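Engineer: One structure follows; several queries about it will come next.
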Amino acid sequence: MYIAPISPDHPGAALFIADLDDYQNSLYPAESNHLDSIEALKQPNVVMLGALDKKDSLMGMGAVKFVENYGEIKRMYVPESHRKKGIARRILHALEHLGAARGISTLCLETGIYQEAAIQLYSHAGFNSCGPFGAYPNDPLSVFMKKNLPGFSHLLSISPFREADRDQVVALWQRCGLTVQWNDPNKDIDRKMAEAPDLFLLARLRDQVIGTCMAGYDGHRGWFYYLGTAPEFRGNGVAAALVRRGESALAQLGCPKINLMVRKSNTEVLEFYKGQGYGDDPVLVLSKRL
């Protein structure tokens, strides 16, 4: 399973939204239901995340709406067939990470008094009761909660690849355009795990993989491969932190110089590496596929 942004009109999300509407309408009167429509969820200040399996089937969803200086959790839903698997917790954590990446210090939410499982989920995640916020009325059927978020740098950690990370890593590479038709990402992972696995570095926010860097050393030169950051977390220094950790690991092995290859058309990545102190060498790169 992996977590990634999805469109609110994704077929699975649209079905989940309809199910959630029916459930909410069975519990509360219309004036106590604050259900954002698909169109409202498609606005630029809203990000919806989905939990997807290996076949990209939707297993759960949640959204965060950014409003002035806080974020609001919306449309958290996991169907009964996928409950008690930790999916809602992982989606909620991922929404918190998005808030931290946007510089938001507080997340808020509104739920109903009869949704005990949801209230328990939020309480265990560190949300505390609060009063109405934004345009919400003081409704006796509503429960309002909020949580203060740590800074993004306090959440970010870098550590070696673990087998349990495989699905997330492959999904991230595909989202970042790092895979090509003639390379099997799973075989690339297998080869790396057989040779210097400690140099396969991942950037994490709790259990969510948001960046990768595969470093190598042949005794003469070091190399970087598969450097990438999830698009929604770019601009927060994730790739730079991975490069610094990779450089440090290679330096400890006695590596005197690091080489890397970037397509000339990929100007954004070229500028990133130049900003990290890398320069263009007067050489041609030749290759032969075995």
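Each chain of the structure tokens is named A, B, ... in the order shown, its residues numbered from 1; ligands are numbered from 1 in display order.
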Set the distance at 6 Å and use only C-alpha atoms: which residues neighbour range 152-169 of chain A once local chain neighbours fewer than 4 positions away are removed? I'd like the list as a list of chain:residue names.
Structural biologist: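 Using only C-alpha atoms, the neighbours found are A:Tyr2, A:Ala100, A:Ala101, A:Asp198, A:Phe200, A:Leu201, A:Leu202, A:Ala203, A:Arg204, A:Leu205.
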Engineer: Could you pull out all residues of range 45-281 of chain A with a DSSP call of alpha helix (DSSP H) and give them as number ranges by chain?
Structural biologist: A: 87-101, 116-124, 152-155, 166-175, 185-193, 238-252, 267-275
Engineer: Pick the closest to Asn266 in chain A from A:Gly177, A:Pro132, A:Gly279, A:Gly12: which is it, counting only C-alpha atoms?
Structural biologist: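 Between A:Gly177, A:Pro132, A:Gly279, A:Gly12, the residue approaching Asn266 in chain A most closely is A:Gly177.
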Engineer: Closest to Gly131 in chain A among A:Lys84, A:Arg221, A:Lys146, A:His93, using only C-alpha atoms?
Structural biologist: A:Lys146
Engineer: Please identify all polymer residues within 7 Å of range 147-150 of chain A, counting only C-alpha atoms, omitting same-chain residues fewer than 5 positions from it, and present them as a PDB file with N, CA, C and O atoms, in the first residue's frame.
Structural biologist:
ATOM      1  N   ALA A 100       2.463  20.248   7.441  1.00  0.00           N
ATOM      2  CA  ALA A 100       3.791  20.689   7.870  1.00  0.00           C
ATOM      3  C   ALA A 100       4.605  21.199   6.690  1.00  0.00           C
ATOM      4  O   ALA A 100       5.332  22.190   6.801  1.00  0.00           O
ATOM      5  N   SER A 105       0.768  25.398  11.029  1.00  0.00           N
ATOM      6  CA  SER A 105       1.091  24.988  12.396  1.00  0.00           C
ATOM      7  C   SER A 105      -0.058  24.286  13.099  1.00  0.00           C
ATOM      8  O   SER A 105       0.136  23.673  14.147  1.00  0.00           O
ATOM      9  N   THR A 106      -1.279  24.370  12.537  1.00  0.00           N
ATOM     10  CA  THR A 106      -2.446  23.787  13.199  1.00  0.00           C
ATOM     11  C   THR A 106      -3.343  23.087  12.185  1.00  0.00           C
ATOM     12  O   THR A 106      -3.603  23.612  11.107  1.00  0.00           O
ATOM     13  N   LEU A 107      -3.815  21.897  12.546  1.00  0.00           N
ATOM     14  CA  LEU A 107      -4.850  21.203  11.783  1.00  0.00           C
ATOM     15  C   LEU A 107      -6.118  21.158  12.623  1.00  0.00           C
ATOM     16  O   LEU A 107      -6.065  20.888  13.825  1.00  0.00           O
ATOM     17  N   CYS A 108      -7.251  21.414  11.986  1.00  0.00           N
ATOM     18  CA  CYS A 108      -8.540  21.378  12.658  1.00  0.00           C
ATOM     19  C   CYS A 108      -9.456  20.389  11.943  1.00  0.00           C
ATOM     20  O   CYS A 108      -9.218  20.020  10.795  1.00  0.00           O
ATOM     21  N   GLY A 126      -3.502  12.549  18.522  1.00  0.00           N
ATOM     22  CA  GLY A 126      -3.047  13.771  19.177  1.00  0.00           C
ATOM     23  C   GLY A 126      -3.944  14.974  19.001  1.00  0.00           C
ATOM     24  O   GLY A 126      -3.575  16.088  19.391  1.00  0.00           O
ATOM     25  N   PHE A 127      -5.148  14.782  18.440  1.00  0.00           N
ATOM     26  CA  PHE A 127      -6.092  15.893  18.315  1.00  0.00           C
ATOM     27  C   PHE A 127      -6.832  16.076  19.639  1.00  0.00           C
ATOM     28  O   PHE A 127      -7.192  15.097  20.306  1.00  0.00           O
ATOM     29  N   ASN A 128      -7.068  17.328  19.990  1.00  0.00           N
ATOM     30  CA  ASN A 128      -7.763  17.662  21.233  1.00  0.00           C
ATOM     31  C   ASN A 128      -9.019  18.470  20.934  1.00  0.00           C
ATOM     32  O   ASN A 128      -9.095  19.174  19.915  1.00  0.00           O
TER      33      ASN A 128
END
Engineer: For range 236-250 of chain A, work out the shell of residues within 7 Å, counting only C-alpha atoms and skipping chain neighbours fewer than 5 positions away, then give it as a list in words.
Structural biologist: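 Near range 236-250 of chain A, the qualifying residues are Ala101, Ala203, Gly211, Cys213, Ala215, Gly222, Gly228, Thr229 and Cys255 of chain A.
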Engineer: With C-alpha atoms retained, write the just-selected residues as a PDB file, in the first residue's frame.
Structural biologist:
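Final file, part_37.pdb:
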ATOM      1  CA  ALA A 101       5.227  20.946   4.350  1.00  0.00           C
ATOM      2  CA  ALA A 203      13.624  10.257   3.214  1.00  0.00           C
ATOM      3  CA  GLY A 211      12.260  10.706  -1.273  1.00  0.00           C
ATOM      4  CA  CYS A 213      18.697   8.432  -3.262  1.00  0.00           C
ATOM      5  CA  ALA A 215      24.410   5.902  -3.957  1.00  0.00           C
ATOM      6  CA  GLY A 222      30.937   7.496  -6.322  1.00  0.00           C
ATOM      7  CA  GLY A 228      13.687  11.935  -6.347  1.00  0.00           C
ATOM      8  CA  THR A 229      11.170  13.644  -4.064  1.00  0.00           C
ATOM      9  CA  CYS A 255      35.338   8.234  -2.076  1.00  0.00           C
TER      10      CYS A 255
END
Engineer: When you look at Glu232 in chain A with a cut-off of 10 Å (counting only C-alpha atoms), what residues show up, excluding the ones that are within fewer than 4 positions of it in the same chain? I need them as a short mmCIF file (atom, residue, chain, number, x, y, z; two decimals) with N, CA, C and O atoms, in the first residue's frame.
Structural biologist:
data_model
loop_
_atom_site.label_atom_id
_atom_site.label_comp_id
_atom_site.auth_asym_id
_atom_site.auth_seq_id
_atom_site.Cartn_x
_atom_site.Cartn_y
_atom_site.Cartn_z
N ALA A 4 -0.87 8.55 -2.00
CA ALA A 4 -0.54 9.50 -3.06
C ALA A 4 -1.73 10.42 -3.30
O ALA A 4 -2.88 10.05 -3.01
N PRO A 5 -1.48 11.63 -3.83
CA PRO A 5 -2.59 12.52 -4.17
C PRO A 5 -3.49 11.90 -5.24
O PRO A 5 -3.02 11.22 -6.15
N VAL A 47 -6.09 19.38 -1.03
CA VAL A 47 -5.34 18.22 -1.53
C VAL A 47 -6.01 16.98 -0.98
O VAL A 47 -6.20 16.85 0.23
N HIS A 97 1.52 15.57 7.36
CA HIS A 97 2.78 15.88 6.69
C HIS A 97 2.61 16.96 5.63
O HIS A 97 3.46 17.84 5.48
N LEU A 98 1.49 16.90 4.89
CA LEU A 98 1.22 17.95 3.90
C LEU A 98 1.09 19.30 4.58
O LEU A 98 1.59 20.31 4.07
N ALA A 101 4.49 20.52 5.54
CA ALA A 101 5.23 20.95 4.35
C ALA A 101 4.76 22.31 3.85
O ALA A 101 5.54 23.04 3.24
N ARG A 102 3.50 22.65 4.09
CA ARG A 102 2.96 23.96 3.69
C ARG A 102 3.23 25.04 4.73
O ARG A 102 2.83 26.19 4.55
N ILE A 210 9.03 9.69 1.17
CA ILE A 210 8.78 10.84 0.30
C ILE A 210 9.98 11.17 -0.58
O ILE A 210 9.90 12.08 -1.40
N ASN A 236 11.15 21.73 0.16
CA ASN A 236 11.38 21.65 1.61
C ASN A 236 12.76 21.10 1.96
O ASN A 236 13.00 20.71 3.10
#
Engineer: Skip Leu52 in chain A itself and residues of its chain fewer than 4 positions away, then list as number ranges by chain all residues within 7 Å of it, counting only C-alpha atoms.
Structural biologist: A: 1-3, 56-59
